Amino acid sequence: MTNFDIIKKFSDETDISGILDRALNNEILDINDGKRLLECNDINLLGASADVLRKSSAGDLVTFVIDRNINYTNICTSKCKFCAFYREADANDAYVLTIEEILEKIDEAVRLGATQILIQGGLNPDIPIEYYEKMLKEVKKKFNVQMHAFSPPEIVHISKLYGAGLKETISRLHDAGLDSIPGGGAEILDDRVRDSVSPEKIGWKKWQEVMLAAHSLGIPTTATMVFGHAETLEERIKHIIRVRDMQQKYHGFTAFIPWTFQSDNTSLNGTSTGIDYLKIVAVSRILLNGYIRNIQASWVTQGIEVAQLALNYGANDLGGTMIEENVVRAAGVPFHRKSMGEFIHAAKKLGRPVAKRDTLYNIIEKY
C-alpha cells in the first residue's frame with residue numbers, strides 16, 4: 001500500500017481522489033481536472049499521488065547540474081512589468097559584457113566543475129549579430145561545456161537581426177556552438193496574461209514556434225512557468241497542458257521548471273505561498289506524467305528547504321548549483337550559490353540516492 005492509498009482512505013476529497021486514480025492509471029487529464037486539483041486543499045493527497053508518479057517515471061534518483069547563469073546584457077526593450085533586471089540603454093548600471101568577460105566567467109565556472117553554461121540576456125537592439133556567433137564560437141573553441149543559451153524571445157530578436165526565419169536562425173546559432181535552448185520567456189502561455197504583464201514580448205504561439213523549430217532540428221530545450229502574478233488558476237493549468245501538447249510532436253523538452261514570481265523591485269504583486277508552489281509541482285507531475293520525465297525544484301526562489309520538500313511532491317531534480325544568478329536576485333531574493341554538498345545532503349536526508357548530471361540528464365557521478 002502506497003502513501004497515496006493510505007492518505008486517500010482518510011481524505012474527504014472523494015472527487016479529487018477519482019481524478020488522481022485516473023492519473024495513476026495513465027489517463028490524460030484535461031483543463032477542468034487540473035483546475036480542480038489546484039483548488040484542492042488536501043496538499044498531502046496531491047503530493048502523495050505525484051510522488052507515486054515520480055517514482056514510476058523517474059525513479060528515486062535526485063539529480064543536479066553544476067552550472068553558471070551568465071546574463072550578457074541587462075538592456076532590454078521588452079520592459080516586462082514582472083522584471084526587476086532590465087535597464088534602459090542610458091541607465092548608469094546598464095551593461096553589455098564583452099566576449100572576453102564572458103570567457104573569463106566561463107573559465108572560472110569550468111574550474112569549479114561546471115558542465116553547463118546558461119546564457120541569457122535582454123533584447124538589446126544595439127548588439128550586432130556577429131556578437132552572438134563569435135561568443136558561441138569562442139566558447140566552443142576554448143571549453144568543453146554545454147551552451148544552454150538564448151530563450152525564445154532572444155531567438156526571435158536574433159532572427160530579426162539575421163533577417164531570417166526561426167529555423168534558419170536556430171540552425172546558424174547551432175552551427176556556431178548553441179547546444180540547447182532554455183525555456184525562459186514562457187511566464188504564462190496565455191496572451192491575456194502576456195498582454196497584461198509583458199505586452200512588448202512575443203506571444204505564446206511564437207514561444208511555441210521557437211521551441212518546435214528547435215525540436216524539429218533535434219535541439220533539446222526546457223520548459224518553464226512563472227506563476228503568481230496576473231494569471232488565474234485555469235491559466236496556470238492551460239500553460240502546463242500547452243507544454244504537454246507541444247511535447248507530443250517531437251519530445252524535445254528535457255524538463256519542466258515552474259517557479260513563483262518574485263515581486264520586489266517590480267510593478268506587480270506576488271501572491272504565491274510555499275503551499276501554492278508545492279501544489280504546482282505536484283500538479284505538473286500529474287498532468288505531464290508520461291510526457292516530460294524531469295520536474296525541477298526551484299531552490300533559487302523557494303530556498304533549499306522547500307526545494308527539498310518538492311522532491312516528495314513530484315520533483316526529481318534540484319537544478320543547478322548556479323555559480324552566478326542575476327535576474328531573480330534583482331527581484332530582491334537573497335542569492336547564495338549552492339554547493340554539491342548541500343544538494344547531496346538534501347537528498348540523503350530524504351533517504352534518496354543523488355547524482356551529478358549534465359544538461360541532457362546523463363549521469364556523470366553518483367554519491
# chains A, B, ... in the order shown; residues from 1 in each chain; ligands from 1
>>> select_by_dssp(residues="range 82-220 of chain A", states="helix (DSSP H, G or I)", output="PyMOL selection string")
chain A and resi 99-111+129-142+152-162+166-176+191-197+204-216
>>> closest_atom_pairs(of="range 179-270 of chain A", to="range 116-129 of chain A", cutoff="10 Å", atoms="only C-alpha atoms", output="Markdown table")
| residue | atom | partner | partner_atom | distance |
| --- | --- | --- | --- | --- |
| A:Ser180 | CA | A:Leu118 | CA | 9.4 |
| A:Ile181 | CA | A:Leu118 | CA | 8.8 |
| A:Pro182 | CA | A:Leu118 | CA | 7.7 |
| A:Gly184 | CA | A:Gln120 | CA | 8.6 |
| A:Lys201 | CA | A:Leu123 | CA | 9.5 |
>>> select_by_dssp(residues="range 54-297 of chain A", states="strand (DSSP E)", output="PDB file with N, CA, C and O atoms, in the first residue's frame")
ATOM      1  N   VAL A  62      17.795  11.568  -7.236  1.00  0.00           N
ATOM      2  CA  VAL A  62      17.746  13.034  -7.269  1.00  0.00           C
ATOM      3  C   VAL A  62      18.970  13.511  -8.037  1.00  0.00           C
ATOM      4  O   VAL A  62      20.097  13.062  -7.773  1.00  0.00           O
ATOM      5  N   THR A  63      18.778  14.417  -8.970  1.00  0.00           N
ATOM      6  CA  THR A  63      19.898  14.873  -9.800  1.00  0.00           C
ATOM      7  C   THR A  63      20.100  16.380  -9.688  1.00  0.00           C
ATOM      8  O   THR A  63      19.219  17.119  -9.257  1.00  0.00           O
ATOM      9  N   PHE A  64      21.284  16.820 -10.103  1.00  0.00           N
ATOM     10  CA  PHE A  64      21.610  18.250 -10.164  1.00  0.00           C
ATOM     11  C   PHE A  64      22.736  18.444 -11.173  1.00  0.00           C
ATOM     12  O   PHE A  64      23.412  17.483 -11.565  1.00  0.00           O
ATOM     13  N   VAL A  65      22.919  19.682 -11.602  1.00  0.00           N
ATOM     14  CA  VAL A  65      23.986  20.025 -12.541  1.00  0.00           C
ATOM     15  C   VAL A  65      24.802  21.178 -11.960  1.00  0.00           C
ATOM     16  O   VAL A  65      24.260  22.023 -11.232  1.00  0.00           O
ATOM     17  N   ASP A  67      26.472  24.547 -12.790  1.00  0.00           N
ATOM     18  CA  ASP A  67      26.298  25.491 -13.893  1.00  0.00           C
ATOM     19  C   ASP A  67      26.561  26.923 -13.460  1.00  0.00           C
ATOM     20  O   ASP A  67      26.756  27.216 -12.278  1.00  0.00           O
ATOM     21  N   ARG A  68      26.565  27.790 -14.451  1.00  0.00           N
ATOM     22  CA  ARG A  68      26.653  29.230 -14.205  1.00  0.00           C
ATOM     23  C   ARG A  68      25.674  29.926 -15.138  1.00  0.00           C
ATOM     24  O   ARG A  68      25.569  29.586 -16.325  1.00  0.00           O
ATOM     25  N   ASN A  69      24.940  30.891 -14.611  1.00  0.00           N
ATOM     26  CA  ASN A  69      23.975  31.661 -15.385  1.00  0.00           C
ATOM     27  C   ASN A  69      24.585  33.025 -15.693  1.00  0.00           C
ATOM     28  O   ASN A  69      24.730  33.857 -14.796  1.00  0.00           O
ATOM     29  N   ILE A  70      24.946  33.238 -16.944  1.00  0.00           N
ATOM     30  CA  ILE A  70      25.598  34.489 -17.349  1.00  0.00           C
ATOM     31  C   ILE A  70      24.602  35.340 -18.137  1.00  0.00           C
ATOM     32  O   ILE A  70      24.054  34.891 -19.144  1.00  0.00           O
ATOM     33  N   ASN A  71      24.370  36.548 -17.680  1.00  0.00           N
ATOM     34  CA  ASN A  71      23.491  37.492 -18.381  1.00  0.00           C
ATOM     35  C   ASN A  71      24.362  38.504 -19.111  1.00  0.00           C
ATOM     36  O   ASN A  71      24.980  39.360 -18.484  1.00  0.00           O
ATOM     37  N   GLN A 116      27.627  23.035 -17.577  1.00  0.00           N
ATOM     38  CA  GLN A 116      26.569  23.761 -18.290  1.00  0.00           C
ATOM     39  C   GLN A 116      26.747  25.262 -18.094  1.00  0.00           C
ATOM     40  O   GLN A 116      26.947  25.722 -16.974  1.00  0.00           O
ATOM     41  N   ILE A 117      26.664  25.990 -19.191  1.00  0.00           N
ATOM     42  CA  ILE A 117      26.672  27.447 -19.131  1.00  0.00           C
ATOM     43  C   ILE A 117      25.339  27.942 -19.686  1.00  0.00           C
ATOM     44  O   ILE A 117      25.008  27.715 -20.848  1.00  0.00           O
ATOM     45  N   LEU A 118      24.563  28.567 -18.819  1.00  0.00           N
ATOM     46  CA  LEU A 118      23.270  29.142 -19.210  1.00  0.00           C
ATOM     47  C   LEU A 118      23.500  30.613 -19.539  1.00  0.00           C
ATOM     48  O   LEU A 118      23.893  31.393 -18.664  1.00  0.00           O
ATOM     49  N   ILE A 119      23.273  30.983 -20.787  1.00  0.00           N
ATOM     50  CA  ILE A 119      23.500  32.361 -21.217  1.00  0.00           C
ATOM     51  C   ILE A 119      22.191  32.957 -21.719  1.00  0.00           C
ATOM     52  O   ILE A 119      21.563  32.443 -22.645  1.00  0.00           O
ATOM     53  N   GLN A 120      21.770  34.035 -21.066  1.00  0.00           N
ATOM     54  CA  GLN A 120      20.570  34.761 -21.461  1.00  0.00           C
ATOM     55  C   GLN A 120      20.800  36.254 -21.251  1.00  0.00           C
ATOM     56  O   GLN A 120      21.639  36.647 -20.445  1.00  0.00           O
ATOM     57  N   GLN A 146      28.334  22.608 -22.198  1.00  0.00           N
ATOM     58  CA  GLN A 146      27.053  22.693 -22.901  1.00  0.00           C
ATOM     59  C   GLN A 146      26.610  24.143 -22.917  1.00  0.00           C
ATOM     60  O   GLN A 146      26.430  24.768 -21.875  1.00  0.00           O
ATOM     61  N   MET A 147      26.426  24.684 -24.118  1.00  0.00           N
ATOM     62  CA  MET A 147      25.935  26.050 -24.248  1.00  0.00           C
ATOM     63  C   MET A 147      24.406  26.017 -24.310  1.00  0.00           C
ATOM     64  O   MET A 147      23.796  25.754 -25.349  1.00  0.00           O
ATOM     65  N   HIS A 148      23.819  26.255 -23.160  1.00  0.00           N
ATOM     66  CA  HIS A 148      22.371  26.252 -22.968  1.00  0.00           C
ATOM     67  C   HIS A 148      21.962  27.721 -23.013  1.00  0.00           C
ATOM     68  O   HIS A 148      22.019  28.423 -21.996  1.00  0.00           O
ATOM     69  N   ALA A 149      21.578  28.211 -24.190  1.00  0.00           N
ATOM     70  CA  ALA A 149      21.572  29.664 -24.365  1.00  0.00           C
ATOM     71  C   ALA A 149      20.388  30.165 -25.192  1.00  0.00           C
ATOM     72  O   ALA A 149      19.853  29.461 -26.047  1.00  0.00           O
ATOM     73  N   THR A 221      15.347  21.429 -25.466  1.00  0.00           N
ATOM     74  CA  THR A 221      15.057  22.645 -24.708  1.00  0.00           C
ATOM     75  C   THR A 221      14.422  22.251 -23.369  1.00  0.00           C
ATOM     76  O   THR A 221      14.035  21.103 -23.160  1.00  0.00           O
ATOM     77  N   THR A 222      14.301  23.235 -22.497  1.00  0.00           N
ATOM     78  CA  THR A 222      13.497  23.065 -21.290  1.00  0.00           C
ATOM     79  C   THR A 222      12.230  23.905 -21.430  1.00  0.00           C
ATOM     80  O   THR A 222      12.119  24.744 -22.322  1.00  0.00           O
ATOM     81  N   ALA A 223      11.279  23.668 -20.542  1.00  0.00           N
ATOM     82  CA  ALA A 223      10.054  24.471 -20.487  1.00  0.00           C
ATOM     83  C   ALA A 223       9.913  25.012 -19.073  1.00  0.00           C
ATOM     84  O   ALA A 223      10.157  24.293 -18.104  1.00  0.00           O
ATOM     85  N   THR A 224       9.535  26.277 -18.950  1.00  0.00           N
ATOM     86  CA  THR A 224       9.405  26.909 -17.639  1.00  0.00           C
ATOM     87  C   THR A 224       8.011  27.493 -17.460  1.00  0.00           C
ATOM     88  O   THR A 224       7.234  27.612 -18.410  1.00  0.00           O
ATOM     89  N   MET A 225       7.728  27.873 -16.231  1.00  0.00           N
ATOM     90  CA  MET A 225       6.496  28.612 -15.932  1.00  0.00           C
ATOM     91  C   MET A 225       6.761  29.518 -14.740  1.00  0.00           C
ATOM     92  O   MET A 225       7.307  29.071 -13.726  1.00  0.00           O
ATOM     93  N   VAL A 226       6.425  30.788 -14.869  1.00  0.00           N
ATOM     94  CA  VAL A 226       6.494  31.731 -13.757  1.00  0.00           C
ATOM     95  C   VAL A 226       5.053  32.083 -13.386  1.00  0.00           C
ATOM     96  O   VAL A 226       4.319  32.656 -14.188  1.00  0.00           O
ATOM     97  N   PHE A 227       4.650  31.736 -12.174  1.00  0.00           N
ATOM     98  CA  PHE A 227       3.256  31.911 -11.782  1.00  0.00           C
ATOM     99  C   PHE A 227       3.156  32.751 -10.507  1.00  0.00           C
ATOM    100  O   PHE A 227       4.135  32.967  -9.794  1.00  0.00           O
ATOM    101  N   PHE A 253      11.360  18.559 -25.026  1.00  0.00           N
ATOM    102  CA  PHE A 253      11.553  19.154 -23.701  1.00  0.00           C
ATOM    103  C   PHE A 253      12.221  18.136 -22.773  1.00  0.00           C
ATOM    104  O   PHE A 253      11.719  17.023 -22.604  1.00  0.00           O
ATOM    105  N   THR A 254      13.317  18.532 -22.172  1.00  0.00           N
ATOM    106  CA  THR A 254      14.007  17.631 -21.244  1.00  0.00           C
ATOM    107  C   THR A 254      13.499  17.778 -19.811  1.00  0.00           C
ATOM    108  O   THR A 254      13.663  16.850 -19.010  1.00  0.00           O
ATOM    109  N   ALA A 255      12.905  18.922 -19.487  1.00  0.00           N
ATOM    110  CA  ALA A 255      12.455  19.162 -18.113  1.00  0.00           C
ATOM    111  C   ALA A 255      11.414  20.265 -18.089  1.00  0.00           C
ATOM    112  O   ALA A 255      11.371  21.124 -18.981  1.00  0.00           O
ATOM    113  N   PHE A 256      10.590  20.249 -17.047  1.00  0.00           N
ATOM    114  CA  PHE A 256       9.645  21.328 -16.776  1.00  0.00           C
ATOM    115  C   PHE A 256      10.063  21.985 -15.468  1.00  0.00           C
ATOM    116  O   PHE A 256      10.331  21.303 -14.475  1.00  0.00           O
ATOM    117  N   ILE A 257      10.118  23.333 -15.476  1.00  0.00           N
ATOM    118  CA  ILE A 257      10.667  24.069 -14.340  1.00  0.00           C
ATOM    119  C   ILE A 257       9.717  25.193 -13.950  1.00  0.00           C
ATOM    120  O   ILE A 257       9.756  26.290 -14.520  1.00  0.00           O
ATOM    121  N   PRO A 258       8.832  24.958 -12.983  1.00  0.00           N
ATOM    122  CA  PRO A 258       7.962  26.038 -12.508  1.00  0.00           C
ATOM    123  C   PRO A 258       8.596  26.784 -11.342  1.00  0.00           C
ATOM    124  O   PRO A 258       9.299  26.186 -10.520  1.00  0.00           O
ATOM    125  N   TRP A 259       8.375  28.082 -11.288  1.00  0.00           N
ATOM    126  CA  TRP A 259       8.790  28.823 -10.098  1.00  0.00           C
ATOM    127  C   TRP A 259       7.871  30.015  -9.861  1.00  0.00           C
ATOM    128  O   TRP A 259       7.141  30.449 -10.745  1.00  0.00           O
ATOM    129  N   THR A 260       7.899  30.517  -8.640  1.00  0.00           N
ATOM    130  CA  THR A 260       6.990  31.592  -8.265  1.00  0.00           C
ATOM    131  C   THR A 260       7.559  32.954  -8.638  1.00  0.00           C
ATOM    132  O   THR A 260       8.762  33.197  -8.518  1.00  0.00           O
ATOM    133  N   ASN A 294      11.357  14.837 -16.264  1.00  0.00           N
ATOM    134  CA  ASN A 294      12.042  15.570 -15.207  1.00  0.00           C
ATOM    135  C   ASN A 294      11.289  16.837 -14.804  1.00  0.00           C
ATOM    136  O   ASN A 294      10.985  17.688 -15.641  1.00  0.00           O
ATOM    137  N   ILE A 295      10.985  16.936 -13.508  1.00  0.00           N
ATOM    138  CA  ILE A 295      10.397  18.144 -12.927  1.00  0.00           C
ATOM    139  C   ILE A 295      11.428  18.728 -11.974  1.00  0.00           C
ATOM    140  O   ILE A 295      11.897  18.055 -11.055  1.00  0.00           O
TER     141      ILE A 295
END
>>> residues_around(residues="Asp190 in chain A", least_positions_apart="2", cutoff="7 Å", atoms="only C-alpha atoms", output="list in words")
Ile188, Arg192, Val193, Arg194, Trp204, Glu235 and His239 of chain A
>>> write_last_selection(atoms="N, CA, C and O atoms", output="PDB file, in the first residue's frame")
ATOM      1  N   ILE A 188       3.558  32.804 -18.411  1.00  0.00           N
ATOM      2  CA  ILE A 188       2.326  32.043 -18.562  1.00  0.00           C
ATOM      3  C   ILE A 188       1.965  32.024 -20.051  1.00  0.00           C
ATOM      4  O   ILE A 188       1.899  33.077 -20.685  1.00  0.00           O
ATOM      5  N   ARG A 192      -3.750  36.627 -22.845  1.00  0.00           N
ATOM      6  CA  ARG A 192      -4.413  37.583 -21.953  1.00  0.00           C
ATOM      7  C   ARG A 192      -3.446  38.026 -20.867  1.00  0.00           C
ATOM      8  O   ARG A 192      -3.320  39.220 -20.575  1.00  0.00           O
ATOM      9  N   VAL A 193      -2.742  37.060 -20.290  1.00  0.00           N
ATOM     10  CA  VAL A 193      -1.768  37.368 -19.241  1.00  0.00           C
ATOM     11  C   VAL A 193      -0.582  38.128 -19.827  1.00  0.00           C
ATOM     12  O   VAL A 193      -0.134  39.135 -19.280  1.00  0.00           O
ATOM     13  N   ARG A 194      -0.095  37.660 -20.947  1.00  0.00           N
ATOM     14  CA  ARG A 194       1.095  38.271 -21.546  1.00  0.00           C
ATOM     15  C   ARG A 194       0.831  39.715 -21.968  1.00  0.00           C
ATOM     16  O   ARG A 194       1.701  40.583 -21.831  1.00  0.00           O
ATOM     17  N   TRP A 204       2.383  33.726 -26.882  1.00  0.00           N
ATOM     18  CA  TRP A 204       2.681  32.341 -26.524  1.00  0.00           C
ATOM     19  C   TRP A 204       2.858  31.460 -27.756  1.00  0.00           C
ATOM     20  O   TRP A 204       3.662  30.518 -27.741  1.00  0.00           O
ATOM     21  N   GLU A 235      -5.565  29.467 -16.084  1.00  0.00           N
ATOM     22  CA  GLU A 235      -4.472  29.809 -17.000  1.00  0.00           C
ATOM     23  C   GLU A 235      -3.174  29.097 -16.624  1.00  0.00           C
ATOM     24  O   GLU A 235      -2.354  28.787 -17.498  1.00  0.00           O
ATOM     25  N   HIS A 239      -1.360  26.558 -19.285  1.00  0.00           N
ATOM     26  CA  HIS A 239       0.068  26.615 -19.575  1.00  0.00           C
ATOM     27  C   HIS A 239       0.673  25.205 -19.584  1.00  0.00           C
ATOM     28  O   HIS A 239       1.366  24.811 -20.529  1.00  0.00           O
TER      29      HIS A 239
END
>>> residues_around(residues="Val306 in chain A", least_positions_apart="2", cutoff="10 Å", atoms="only C-alpha atoms", output="list in words")
Gly274, Ile275, Tyr277, Leu278, Ala297, Ser298, Trp299, Thr301, Gln302, Gly303, Ile304, Gln308, Leu309, Ala310 and Leu311 of chain A
>>> write_last_selection(atoms="N, CA, C and O atoms", output="PDB file, in the first residue's frame")
ATOM      1  N   GLY A 274       4.400  29.001  -0.212  1.00  0.00           N
ATOM      2  CA  GLY A 274       5.082  27.725  -0.378  1.00  0.00           C
ATOM      3  C   GLY A 274       4.122  26.602  -0.707  1.00  0.00           C
ATOM      4  O   GLY A 274       4.439  25.689  -1.491  1.00  0.00           O
ATOM      5  N   ILE A 275       2.914  26.647  -0.138  1.00  0.00           N
ATOM      6  CA  ILE A 275       1.890  25.647  -0.437  1.00  0.00           C
ATOM      7  C   ILE A 275       1.483  25.720  -1.905  1.00  0.00           C
ATOM      8  O   ILE A 275       1.334  24.696  -2.582  1.00  0.00           O
ATOM      9  N   TYR A 277       3.305  26.714  -4.309  1.00  0.00           N
ATOM     10  CA  TYR A 277       4.418  26.174  -5.098  1.00  0.00           C
ATOM     11  C   TYR A 277       4.395  24.644  -5.114  1.00  0.00           C
ATOM     12  O   TYR A 277       4.519  24.018  -6.167  1.00  0.00           O
ATOM     13  N   LEU A 278       4.224  24.039  -3.948  1.00  0.00           N
ATOM     14  CA  LEU A 278       4.191  22.578  -3.880  1.00  0.00           C
ATOM     15  C   LEU A 278       3.015  22.014  -4.670  1.00  0.00           C
ATOM     16  O   LEU A 278       3.122  20.954  -5.305  1.00  0.00           O
ATOM     17  N   ALA A 297      12.925  21.289  -9.121  1.00  0.00           N
ATOM     18  CA  ALA A 297      12.581  22.102  -7.952  1.00  0.00           C
ATOM     19  C   ALA A 297      13.384  23.397  -7.981  1.00  0.00           C
ATOM     20  O   ALA A 297      14.569  23.397  -8.320  1.00  0.00           O
ATOM     21  N   SER A 298      12.760  24.491  -7.604  1.00  0.00           N
ATOM     22  CA  SER A 298      13.408  25.811  -7.687  1.00  0.00           C
ATOM     23  C   SER A 298      13.907  26.274  -6.325  1.00  0.00           C
ATOM     24  O   SER A 298      13.207  26.989  -5.607  1.00  0.00           O
ATOM     25  N   TRP A 299      15.128  25.889  -5.980  1.00  0.00           N
ATOM     26  CA  TRP A 299      15.689  26.369  -4.705  1.00  0.00           C
ATOM     27  C   TRP A 299      16.001  27.852  -4.774  1.00  0.00           C
ATOM     28  O   TRP A 299      16.043  28.533  -3.732  1.00  0.00           O
ATOM     29  N   THR A 301      14.210  30.372  -5.937  1.00  0.00           N
ATOM     30  CA  THR A 301      13.081  31.193  -5.495  1.00  0.00           C
ATOM     31  C   THR A 301      12.463  30.702  -4.192  1.00  0.00           C
ATOM     32  O   THR A 301      11.863  31.496  -3.459  1.00  0.00           O
ATOM     33  N   GLN A 302      12.586  29.412  -3.888  1.00  0.00           N
ATOM     34  CA  GLN A 302      11.896  28.844  -2.730  1.00  0.00           C
ATOM     35  C   GLN A 302      12.799  28.576  -1.536  1.00  0.00           C
ATOM     36  O   GLN A 302      12.316  28.401  -0.423  1.00  0.00           O
ATOM     37  N   GLY A 303      14.109  28.535  -1.766  1.00  0.00           N
ATOM     38  CA  GLY A 303      15.024  28.126  -0.705  1.00  0.00           C
ATOM     39  C   GLY A 303      15.224  26.620  -0.746  1.00  0.00           C
ATOM     40  O   GLY A 303      14.380  25.872  -1.246  1.00  0.00           O
ATOM     41  N   ILE A 304      16.330  26.148  -0.217  1.00  0.00           N
ATOM     42  CA  ILE A 304      16.668  24.730  -0.309  1.00  0.00           C
ATOM     43  C   ILE A 304      15.699  23.863   0.486  1.00  0.00           C
ATOM     44  O   ILE A 304      15.416  22.721   0.110  1.00  0.00           O
ATOM     45  N   GLN A 308      13.683  20.895  -1.168  1.00  0.00           N
ATOM     46  CA  GLN A 308      13.803  19.534  -0.648  1.00  0.00           C
ATOM     47  C   GLN A 308      12.414  18.908  -0.479  1.00  0.00           C
ATOM     48  O   GLN A 308      12.195  17.750  -0.850  1.00  0.00           O
ATOM     49  N   LEU A 309      11.471  19.674   0.065  1.00  0.00           N
ATOM     50  CA  LEU A 309      10.098  19.186   0.194  1.00  0.00           C
ATOM     51  C   LEU A 309       9.507  18.827  -1.174  1.00  0.00           C
ATOM     52  O   LEU A 309       8.784  17.837  -1.312  1.00  0.00           O
ATOM     53  N   ALA A 310       9.827  19.640  -2.181  1.00  0.00           N
ATOM     54  CA  ALA A 310       9.286  19.411  -3.516  1.00  0.00           C
ATOM     55  C   ALA A 310       9.692  18.057  -4.077  1.00  0.00           C
ATOM     56  O   ALA A 310       9.003  17.500  -4.936  1.00  0.00           O
ATOM     57  N   LEU A 311      10.804  17.511  -3.575  1.00  0.00           N
ATOM     58  CA  LEU A 311      11.235  16.180  -4.015  1.00  0.00           C
ATOM     59  C   LEU A 311      10.264  15.097  -3.568  1.00  0.00           C
ATOM     60  O   LEU A 311      10.287  13.983  -4.097  1.00  0.00           O
TER      61      LEU A 311
END
>>> residues_around(residues="Ile16 in chain A", least_positions_apart="6", cutoff="10 Å", atoms="only C-alpha atoms", output="PDB file with N, CA, C and O atoms, in the first residue's frame")
ATOM      1  N   LYS A   8      -5.541   8.661   0.912  1.00  0.00           N
ATOM      2  CA  LYS A   8      -6.854   8.674   0.246  1.00  0.00           C
ATOM      3  C   LYS A   8      -7.932   8.064   1.141  1.00  0.00           C
ATOM      4  O   LYS A   8      -9.084   8.514   1.162  1.00  0.00           O
ATOM      5  N   ARG A  22      -7.485   8.224 -11.837  1.00  0.00           N
ATOM      6  CA  ARG A  22      -7.372   8.204 -13.303  1.00  0.00           C
ATOM      7  C   ARG A  22      -5.961   8.530 -13.754  1.00  0.00           C
ATOM      8  O   ARG A  22      -5.430   7.905 -14.677  1.00  0.00           O
ATOM      9  N   ASP A  33      -9.951  19.035 -14.986  1.00  0.00           N
ATOM     10  CA  ASP A  33      -9.333  18.169 -13.981  1.00  0.00           C
ATOM     11  C   ASP A  33      -8.205  18.908 -13.263  1.00  0.00           C
ATOM     12  O   ASP A  33      -8.107  18.894 -12.031  1.00  0.00           O
ATOM     13  N   GLY A  34      -7.346  19.545 -14.046  1.00  0.00           N
ATOM     14  CA  GLY A  34      -6.208  20.244 -13.465  1.00  0.00           C
ATOM     15  C   GLY A  34      -6.627  21.381 -12.557  1.00  0.00           C
ATOM     16  O   GLY A  34      -6.052  21.583 -11.480  1.00  0.00           O
ATOM     17  N   ARG A  36      -9.406  21.626 -10.862  1.00  0.00           N
ATOM     18  CA  ARG A  36      -9.947  21.054  -9.630  1.00  0.00           C
ATOM     19  C   ARG A  36      -8.822  20.586  -8.707  1.00  0.00           C
ATOM     20  O   ARG A  36      -8.929  20.696  -7.484  1.00  0.00           O
ATOM     21  N   LEU A  37      -7.754  20.073  -9.289  1.00  0.00           N
ATOM     22  CA  LEU A  37      -6.617  19.663  -8.464  1.00  0.00           C
ATOM     23  C   LEU A  37      -5.975  20.867  -7.776  1.00  0.00           C
ATOM     24  O   LEU A  37      -5.635  20.803  -6.596  1.00  0.00           O
ATOM     25  N   GLU A  39      -7.426  23.588  -6.964  1.00  0.00           N
ATOM     26  CA  GLU A  39      -8.371  24.110  -5.971  1.00  0.00           C
ATOM     27  C   GLU A  39      -8.452  23.229  -4.728  1.00  0.00           C
ATOM     28  O   GLU A  39      -8.974  23.646  -3.697  1.00  0.00           O
ATOM     29  N   CYS A  40      -7.919  22.031  -4.826  1.00  0.00           N
ATOM     30  CA  CYS A  40      -7.974  21.086  -3.712  1.00  0.00           C
ATOM     31  C   CYS A  40      -7.105  21.563  -2.551  1.00  0.00           C
ATOM     32  O   CYS A  40      -5.974  22.016  -2.753  1.00  0.00           O
ATOM     33  N   ASP A  42      -6.249  19.544  -0.009  1.00  0.00           N
ATOM     34  CA  ASP A  42      -5.540  18.402   0.583  1.00  0.00           C
ATOM     35  C   ASP A  42      -4.181  18.256  -0.096  1.00  0.00           C
ATOM     36  O   ASP A  42      -3.987  17.441  -1.002  1.00  0.00           O
ATOM     37  N   LEU A  45      -2.621  14.762  -0.148  1.00  0.00           N
ATOM     38  CA  LEU A  45      -3.179  13.844  -1.144  1.00  0.00           C
ATOM     39  C   LEU A  45      -2.565  14.097  -2.514  1.00  0.00           C
ATOM     40  O   LEU A  45      -2.160  13.165  -3.222  1.00  0.00           O
ATOM     41  N   LEU A  46      -2.470  15.376  -2.899  1.00  0.00           N
ATOM     42  CA  LEU A  46      -1.847  15.733  -4.178  1.00  0.00           C
ATOM     43  C   LEU A  46      -0.393  15.281  -4.209  1.00  0.00           C
ATOM     44  O   LEU A  46       0.082  14.682  -5.189  1.00  0.00           O
TER      45      LEU A  46
END
